[in-house]
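Shown next: final.json, given as JSON, C-alpha atoms and all ligand atoms.
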[["chain", "number", "residue", "atom", "x", "y", "z"],
["A", 1075, "MET", "CA", -9.19, -58.69, 136.36],
["A", 1076, "ARG", "CA", -12.38, -58.17, 138.32],
["A", 1077, "ILE", "CA", -12.84, -58.08, 142.09],
["A", 1078, "ALA", "CA", -16.16, -58.24, 143.93],
["A", 1079, "VAL", "CA", -16.12, -56.60, 147.34],
["A", 1080, "ILE", "CA", -18.96, -57.84, 149.54],
["A", 1081, "VAL", "CA", -19.96, -55.43, 152.30],
["A", 1082, "GLY", "CA", -22.31, -55.78, 155.25],
["A", 1083, "ALA", "CA", -25.61, -54.04, 155.88],
["A", 1084, "LYS", "CA", -24.20, -51.69, 158.51],
["A", 1085, "GLY", "CA", -20.48, -51.53, 157.78],
["A", 1086, "ARG", "CA", -18.63, -48.26, 157.22],
["A", 1087, "GLY", "CA", -17.02, -49.68, 154.12],
["A", 1088, "SER", "CA", -13.53, -48.43, 154.94],
["A", 1089, "ASN", "CA", -11.85, -51.62, 153.67],
["A", 1090, "MET", "CA", -14.01, -51.51, 150.56],
["A", 1091, "ARG", "CA", -12.86, -47.93, 150.03],
["A", 1092, "ALA", "CA", -9.18, -48.88, 150.42],
["A", 1093, "ILE", "CA", -9.61, -51.65, 147.82],
["A", 1094, "VAL", "CA", -11.53, -49.43, 145.38],
["A", 1095, "GLU", "CA", -8.96, -46.63, 145.72],
["A", 1096, "ALA", "CA", -6.15, -49.10, 145.03],
["A", 1097, "CYS", "CA", -7.99, -50.37, 141.92],
["A", 1098, "GLN", "CA", -8.71, -46.88, 140.64],
["A", 1099, "GLY", "CA", -5.17, -45.72, 141.47],
["A", 1100, "GLY", "CA", -3.64, -48.52, 139.40],
["A", 1101, "ARG", "CA", -1.77, -49.91, 142.40],
["A", 1102, "PHE", "CA", -2.03, -53.57, 141.41],
["A", 1103, "PRO", "CA", 0.23, -55.42, 138.95],
["A", 1104, "THR", "CA", -2.67, -55.70, 136.49],
["A", 1105, "PRO", "CA", -5.65, -53.39, 135.87],
["A", 1106, "VAL", "CA", -8.45, -54.32, 138.27],
["A", 1107, "GLU", "CA", -12.09, -53.31, 138.15],
["A", 1108, "ALA", "CA", -14.16, -53.51, 141.33],
["A", 1109, "VAL", "CA", -17.85, -54.34, 141.78],
["A", 1110, "VAL", "CA", -19.39, -53.82, 145.22],
["A", 1111, "ILE", "CA", -22.15, -56.16, 146.41],
["A", 1112, "GLY", "CA", -24.24, -55.59, 149.53],
["A", 1113, "PRO", "CA", -27.41, -56.86, 151.14],
["A", 1114, "SER", "CA", -29.22, -53.52, 151.32],
["A", 1115, "GLU", "CA", -29.50, -50.30, 149.31],
["A", 1116, "ASP", "CA", -29.19, -48.39, 152.59],
["A", 1117, "ALA", "CA", -25.78, -49.83, 153.49],
["A", 1118, "PRO", "CA", -23.42, -46.87, 154.05],
["A", 1119, "ALA", "CA", -20.69, -48.81, 152.24],
["A", 1120, "LEU", "CA", -22.82, -49.07, 149.10],
["A", 1121, "ARG", "CA", -23.43, -45.34, 149.04],
["A", 1122, "THR", "CA", -19.69, -44.73, 149.36],
["A", 1123, "ALA", "CA", -19.03, -47.18, 146.54],
["A", 1124, "ALA", "CA", -21.52, -45.42, 144.29],
["A", 1125, "SER", "CA", -19.84, -42.08, 145.03],
["A", 1126, "PHE", "CA", -16.60, -43.59, 143.67],
["A", 1127, "GLY", "CA", -18.38, -44.47, 140.43],
["A", 1128, "VAL", "CA", -18.17, -48.20, 141.14],
["A", 1129, "THR", "CA", -20.87, -50.61, 139.94],
["A", 1130, "THR", "CA", -22.99, -51.70, 142.91],
["A", 1131, "VAL", "CA", -25.28, -54.71, 143.12],
["A", 1132, "VAL", "CA", -27.98, -55.40, 145.73],
["A", 1133, "PRO", "CA", -29.43, -58.87, 145.12],
["A", 1134, "ASP", "CA", -33.04, -59.42, 146.29],
["A", 1135, "ASP", "CA", -31.91, -62.67, 147.92],
["A", 1136, "MET", "CA", -28.26, -62.20, 148.87],
["A", 1137, "GLU", "CA", -27.51, -65.83, 149.68],
["A", 1138, "GLY", "CA", -29.60, -67.39, 146.91],
["A", 1139, "GLU", "CA", -28.39, -65.10, 144.15],
["A", 1140, "LEU", "CA", -24.77, -64.50, 145.11],
["A", 1141, "LEU", "CA", -23.19, -67.19, 142.92],
["A", 1142, "GLY", "CA", -25.14, -66.04, 139.86],
["A", 1143, "VAL", "CA", -24.18, -62.40, 140.46],
["A", 1144, "LEU", "CA", -20.49, -63.27, 140.78],
["A", 1145, "GLN", "CA", -20.60, -65.36, 137.62],
["A", 1146, "ALA", "CA", -22.56, -62.74, 135.68],
["A", 1147, "HIS", "CA", -19.88, -60.16, 136.50],
["A", 1148, "ASN", "CA", -17.00, -62.52, 135.60],
["A", 1149, "ILE", "CA", -15.47, -62.13, 139.05],
["A", 1150, "ASP", "CA", -11.94, -63.47, 139.55],
["A", 1151, "LEU", "CA", -11.53, -62.66, 143.25],
["A", 1152, "VAL", "CA", -14.09, -62.05, 146.02],
["A", 1153, "CYS", "CA", -13.13, -59.88, 149.02],
["A", 1154, "LEU", "CA", -15.39, -59.90, 152.06],
["A", 1155, "ALA", "CA", -15.18, -56.56, 153.83],
["A", 1156, "GLY", "CA", -17.53, -56.35, 156.78],
["A", 1157, "TYR", "CA", -19.94, -59.05, 155.56],
["A", 1158, "MET", "CA", -20.79, -60.90, 158.77],
["A", 1159, "ARG", "CA", -22.78, -63.90, 157.53],
["A", 1160, "LEU", "CA", -21.54, -67.29, 156.40],
["A", 1161, "ILE", "CA", -21.07, -67.53, 152.64],
["A", 1162, "PRO", "CA", -23.25, -70.28, 151.09],
["A", 1163, "LYS", "CA", -21.42, -73.57, 150.46],
["A", 1164, "ASP", "CA", -21.91, -73.47, 146.70],
["A", 1165, "VAL", "CA", -20.22, -70.05, 146.53],
["A", 1166, "VAL", "CA", -17.34, -71.15, 148.79],
["A", 1167, "ALA", "CA", -16.80, -74.20, 146.55],
["A", 1168, "ALA", "CA", -16.99, -72.23, 143.30],
["A", 1169, "PHE", "CA", -14.50, -69.64, 144.62],
["A", 1170, "ASP", "CA", -12.15, -72.00, 146.43],
["A", 1171, "GLY", "CA", -8.81, -70.18, 146.67],
["A", 1172, "ARG", "CA", -10.42, -67.06, 145.17],
["A", 1173, "MET", "CA", -12.29, -65.61, 148.16],
["A", 1174, "LEU", "CA", -10.66, -63.58, 150.95],
["A", 1175, "ASN", "CA", -11.84, -62.10, 154.24],
["A", 1176, "ILE", "CA", -10.22, -59.72, 156.69],
["A", 1177, "HIS", "CA", -10.41, -60.16, 160.46],
["A", 1178, "PRO", "CA", -9.28, -57.56, 163.04],
["A", 1179, "ALA", "CA", -7.01, -59.86, 165.09],
["A", 1180, "LEU", "CA", -4.21, -62.35, 164.60],
["A", 1181, "LEU", "CA", -6.07, -65.56, 163.75],
["A", 1182, "PRO", "CA", -6.37, -68.29, 164.92],
["A", 1183, "LYS", "CA", -6.75, -66.22, 168.10],
["A", 1184, "HIS", "CA", -9.96, -64.29, 168.69],
["A", 1185, "GLY", "CA", -11.98, -65.54, 165.73],
["A", 1186, "GLY", "CA", -15.15, -67.53, 165.13],
["A", 1187, "LYS", "CA", -18.88, -66.94, 165.28],
["A", 1188, "GLY", "CA", -19.80, -63.79, 167.17],
["A", 1189, "MET", "CA", -16.26, -62.45, 167.19],
["A", 1190, "TRP", "CA", -16.59, -59.16, 165.38],
["A", 1191, "GLY", "CA", -16.30, -55.46, 166.10],
["A", 1192, "MET", "CA", -15.32, -54.34, 169.59],
["A", 1193, "ARG", "CA", -15.77, -57.86, 170.98],
["A", 1194, "VAL", "CA", -12.58, -58.89, 169.20],
["A", 1195, "HIS", "CA", -10.52, -56.05, 170.65],
["A", 1196, "GLN", "CA", -12.03, -56.54, 174.12],
["A", 1197, "ALA", "CA", -11.03, -60.22, 173.93],
["A", 1198, "VAL", "CA", -7.46, -59.26, 173.01],
["A", 1199, "LEU", "CA", -7.28, -56.92, 176.02],
["A", 1200, "ASP", "CA", -8.92, -59.49, 178.34],
["A", 1201, "ALA", "CA", -6.36, -62.10, 177.25],
["A", 1202, "GLY", "CA", -3.52, -59.72, 178.12],
["A", 1203, "ASP", "CA", -2.04, -60.08, 174.62],
["A", 1204, "LYS", "CA", 0.93, -57.84, 173.96],
["A", 1205, "THR", "CA", 0.40, -58.03, 170.20],
["A", 1206, "SER", "CA", -2.63, -57.79, 167.95],
["A", 1207, "GLY", "CA", -3.14, -56.94, 164.30],
["A", 1208, "CYS", "CA", -5.18, -58.16, 161.38],
["A", 1209, "THR", "CA", -5.44, -61.25, 159.22],
["A", 1210, "VAL", "CA", -6.38, -61.70, 155.57],
["A", 1211, "HIS", "CA", -7.42, -65.30, 155.05],
["A", 1212, "TYR", "CA", -9.13, -67.51, 152.50],
["A", 1213, "VAL", "CA", -12.82, -68.10, 153.14],
["A", 1214, "SER", "CA", -13.98, -71.59, 154.07],
["A", 1215, "GLU", "CA", -17.34, -72.93, 155.22],
["A", 1216, "ARG", "CA", -16.58, -71.92, 158.82],
["A", 1217, "TYR", "CA", -16.06, -68.50, 160.34],
["A", 1218, "ASP", "CA", -12.43, -67.28, 160.30],
["A", 1219, "GLU", "CA", -10.90, -70.73, 159.69],
["A", 1220, "GLY", "CA", -9.50, -70.64, 156.16],
["A", 1221, "ASP", "CA", -5.77, -70.55, 155.42],
["A", 1222, "VAL", "CA", -4.00, -67.32, 156.28],
["A", 1223, "LEU", "CA", -2.66, -65.31, 153.33],
["A", 1224, "LEU", "CA", -1.18, -62.34, 155.19],
["A", 1225, "GLN", "CA", -1.04, -60.81, 158.68],
["A", 1226, "ILE", "CA", 0.19, -57.46, 159.97],
["A", 1227, "ALA", "CA", 0.89, -57.15, 163.69],
["A", 1228, "CYS", "CA", 0.96, -54.15, 166.01],
["A", 1229, "ASP", "CA", 1.68, -53.59, 169.68],
["A", 1230, "VAL", "CA", -1.11, -53.59, 172.24],
["A", 1231, "LEU", "CA", -0.33, -50.58, 174.46],
["A", 1232, "PRO", "CA", -0.76, -50.64, 178.26],
["A", 1233, "ASP", "CA", -3.45, -47.94, 178.18],
["A", 1234, "ASP", "CA", -5.34, -49.28, 175.16],
["A", 1235, "THR", "CA", -9.12, -49.43, 175.22],
["A", 1236, "PRO", "CA", -11.04, -51.53, 172.66],
["A", 1237, "GLU", "CA", -11.63, -48.31, 170.74],
["A", 1238, "THR", "CA", -7.98, -47.17, 170.56],
["A", 1239, "LEU", "CA", -6.85, -50.67, 169.62],
["A", 1240, "ALA", "CA", -9.59, -50.92, 166.97],
["A", 1241, "ALA", "CA", -8.48, -47.64, 165.40],
["A", 1242, "ARG", "CA", -4.83, -48.80, 165.22],
["A", 1243, "VAL", "CA", -5.82, -52.16, 163.75],
["A", 1244, "LEU", "CA", -8.22, -50.62, 161.21],
["A", 1245, "GLU", "CA", -5.40, -48.59, 159.64],
["A", 1246, "LEU", "CA", -3.42, -51.80, 159.29],
["A", 1247, "GLU", "CA", -6.42, -53.56, 157.76],
["A", 1248, "HIS", "CA", -6.51, -51.16, 154.84],
["A", 1249, "GLU", "CA", -2.82, -51.72, 154.17],
["A", 1250, "ALA", "CA", -3.09, -55.48, 154.67],
["A", 1251, "TYR", "CA", -6.05, -55.97, 152.34],
["A", 1252, "VAL", "CA", -4.38, -54.12, 149.47],
["A", 1253, "LEU", "CA", -1.10, -55.99, 150.04],
["A", 1254, "ALA", "CA", -2.91, -59.33, 150.23],
["A", 1255, "ILE", "CA", -4.73, -58.69, 146.95],
["A", 1256, "HIS", "CA", -1.40, -57.70, 145.38],
["A", 1257, "LEU", "CA", 0.11, -60.94, 146.62],
["A", 1258, "TRP", "CA", -2.85, -63.00, 145.38],
["A", 1259, "ILE", "CA", -2.61, -61.42, 141.93],
["A", 1260, "GLU", "CA", 1.09, -62.26, 141.70],
["A", 1261, "ARG", "CA", 0.85, -65.74, 143.18],
["A", 1262, "VAL", "CA", -2.40, -66.95, 141.66],
["A", 1263, "TYR", "CA", -3.84, -64.74, 138.92],
["A", 1264, "ILE", "CA", -0.68, -63.88, 136.98],
["A", 1265, "ARG", "CA", 0.88, -67.31, 137.47],
["A", 1266, "LYS", "CA", -2.26, -68.97, 136.11],
["A", 1267, "ALA", "CA", -2.42, -66.61, 133.13],
["A", 1268, "SER", "CA", 1.18, -67.43, 132.19],
["A", 1269, "THR", "CA", 0.78, -71.25, 132.23],
["B", 1301, "LIG", "C1", -13.35, -54.70, 159.78],
["B", 1301, "LIG", "O1", -12.89, -54.52, 161.09],
["B", 1301, "LIG", "C2", -13.04, -56.09, 159.31],
["B", 1301, "LIG", "O2", -11.89, -56.62, 159.88],
["B", 1301, "LIG", "C3", -14.25, -56.87, 159.74],
["B", 1301, "LIG", "O3", -15.33, -55.99, 159.58],
["B", 1301, "LIG", "C4", -14.86, -54.64, 159.70],
["B", 1301, "LIG", "C5", -15.34, -53.90, 158.49],
["B", 1301, "LIG", "O4", -15.01, -52.53, 158.58],
["B", 1301, "LIG", "N1", -14.38, -58.09, 158.98],
["B", 1301, "LIG", "P1", -15.23, -51.59, 157.33],
["B", 1301, "LIG", "O5", -16.72, -51.65, 156.98],
["B", 1301, "LIG", "O6", -14.39, -52.09, 156.22],
["B", 1301, "LIG", "O7", -14.83, -50.22, 157.78]]
Mind converting the file's structure to C-alpha cells?
Amino acid sequence: MRIAVIVGAKGRGSNMRAIVEACQGGRFPTPVEAVVIGPSEDAPALRTAASFGVTTVVPDDMEGELLGVLQAHNIDLVCLAGYMRLIPKDVVAAFDGRMLNIHPALLPKHGGKGMWGMRVHQAVLDAGDKTSGCTVHYVSERYDEGDVLLQIACDVLPDDTPETLAARVLELEHEAYVLAIHLWIERVYIRKAST
C-alpha cells in the first residue's frame, strides 16, 4: 500500500513525521510506503522527509500536476498534513473516500476557511469550550467539511493559552492520524482487497 502525505510550504511536518515513522516501524496491518509531496523545496517538512529516506516530490504546479503525481506513484491513500489550500476538484473526485485531513479541533466546531494554527485554539478558548481535541476527516471540496473518521478529545484547562492548548492537541494529532490510517486500512483497503 502507498500513502502520499501532502505538506504545506511552512509546516513543521510533525504529522508527516508521525505517519512516516509508523510506516517505517511496520505499525500498520499491511506494509505501507510513504511518498511526501510539498509545494516548495524549502518546506521544512520536505527536508525532514528526505532525512527519513522517503521519496519527496515537489511539482512545478502543485494544483495542476497533483492528480498526475498521485497516479504516477500508485497512491492508495492521501493524507493532508499541514497543507492549507483547497484540493482541486478533480483530485477530490478521483480520491473520494481515499483522502484524509487532520484539523486541530473537534469539528464541526472551529473549522472552515481561515481557521488554522493558533486561531483555532484561540477560538476554542474564546468560546469557553471545556473540551477540545483533533479530528481526522475525509476531504471534500470545502474546508473541514468532509465526514469525520476519528476524533480524540482532551480537556481545556482553566489556565490554558492558545500555545499550551496547541501543544496538548498536537500530541493527540500524531496519535489520531496513525490510528485513523490504521482504521482506514482495515475498513477500506483490506476489505476491498478481500472481495
Ligand atoms: C496541524 O495542527 C494540523 O492539524 C493542521 O496543520 C498543522 C500541521 O502541523 N492541519 P505539522 O506540520 O504536522 O506539525
Do a neighbour search on region 1234-1250 of chain A at 7 Å with all atoms listed in the file, toss out local chain neighbours closer than 4 positions, and write the hits as a VMD selection string.
-> chain A and resid 1089 1092 1178 1192 1195 to 1196 1207 to 1208 1225 to 1226 1230 1254
Return as JSON the box centre and box size in Å, one decimal, for an axis-aligned box around all listed atoms of ligand LIG 1301 (chain B) padded by 8 Å per side.
{"center_x": -14.3, "center_y": -54.2, "center_z": 158.7, "size_x": 20.8, "size_y": 23.9, "size_z": 20.9}
Place a sphere of radius 10 Å on (-25.9, -50.4, 148.7) in the file coordinates and name every protein, DNA or RNA residue with an atom inside or on its surface, counting only C-alpha atoms; give the answer as a ChimeraX atom specification.
-> /A:1081-1083,1110-1124,1130-1133
For ligand LIG 1301 (chain B), list the contacting residues at 6 Å or closer, counting all atoms listed in the file, as JSON, numbers by chain.
-> {"A": [1085, 1086, 1087, 1088, 1089, 1090, 1155, 1156, 1176, 1177, 1178]}
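Minimum atom-to-atom distances from A:Val1152, A:Leu1160, A:Ala1168, A:Leu1140 to Gly1186 (chain A) were compared using all atoms listed in the file, and the lowest value belongs to A:Leu1160.
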Would you mind listing what lies within 12 Å of His1256 (chain A) as a PDB file with C-alpha atoms, keeping the file's coordinate frame, with all atoms listed in the file counted and same-chain residues fewer than 2 positions away left out?
ATOM      1  CA  MET A1075      -9.190 -58.690 136.360  1.00  0.00           C
ATOM      2  CA  ILE A1077     -12.840 -58.080 142.090  1.00  0.00           C
ATOM      3  CA  ILE A1093      -9.610 -51.650 147.820  1.00  0.00           C
ATOM      4  CA  ALA A1096      -6.150 -49.100 145.030  1.00  0.00           C
ATOM      5  CA  CYS A1097      -7.990 -50.370 141.920  1.00  0.00           C
ATOM      6  CA  GLY A1100      -3.640 -48.520 139.400  1.00  0.00           C
ATOM      7  CA  ARG A1101      -1.770 -49.910 142.400  1.00  0.00           C
ATOM      8  CA  PHE A1102      -2.030 -53.570 141.410  1.00  0.00           C
ATOM      9  CA  PRO A1103       0.230 -55.420 138.950  1.00  0.00           C
ATOM     10  CA  THR A1104      -2.670 -55.700 136.490  1.00  0.00           C
ATOM     11  CA  PRO A1105      -5.650 -53.390 135.870  1.00  0.00           C
ATOM     12  CA  VAL A1106      -8.450 -54.320 138.270  1.00  0.00           C
ATOM     13  CA  LEU A1151     -11.530 -62.660 143.250  1.00  0.00           C
ATOM     14  CA  LEU A1223      -2.660 -65.310 153.330  1.00  0.00           C
ATOM     15  CA  LEU A1224      -1.180 -62.340 155.190  1.00  0.00           C
ATOM     16  CA  GLU A1249      -2.820 -51.720 154.170  1.00  0.00           C
ATOM     17  CA  ALA A1250      -3.090 -55.480 154.670  1.00  0.00           C
ATOM     18  CA  TYR A1251      -6.050 -55.970 152.340  1.00  0.00           C
ATOM     19  CA  VAL A1252      -4.380 -54.120 149.470  1.00  0.00           C
ATOM     20  CA  LEU A1253      -1.100 -55.990 150.040  1.00  0.00           C
ATOM     21  CA  ALA A1254      -2.910 -59.330 150.230  1.00  0.00           C
ATOM     22  CA  TRP A1258      -2.850 -63.000 145.380  1.00  0.00           C
ATOM     23  CA  ILE A1259      -2.610 -61.420 141.930  1.00  0.00           C
ATOM     24  CA  GLU A1260       1.090 -62.260 141.700  1.00  0.00           C
ATOM     25  CA  ARG A1261       0.850 -65.740 143.180  1.00  0.00           C
ATOM     26  CA  VAL A1262      -2.400 -66.950 141.660  1.00  0.00           C
ATOM     27  CA  TYR A1263      -3.840 -64.740 138.920  1.00  0.00           C
ATOM     28  CA  ILE A1264      -0.680 -63.880 136.980  1.00  0.00           C
TER      29      ILE A1264
END
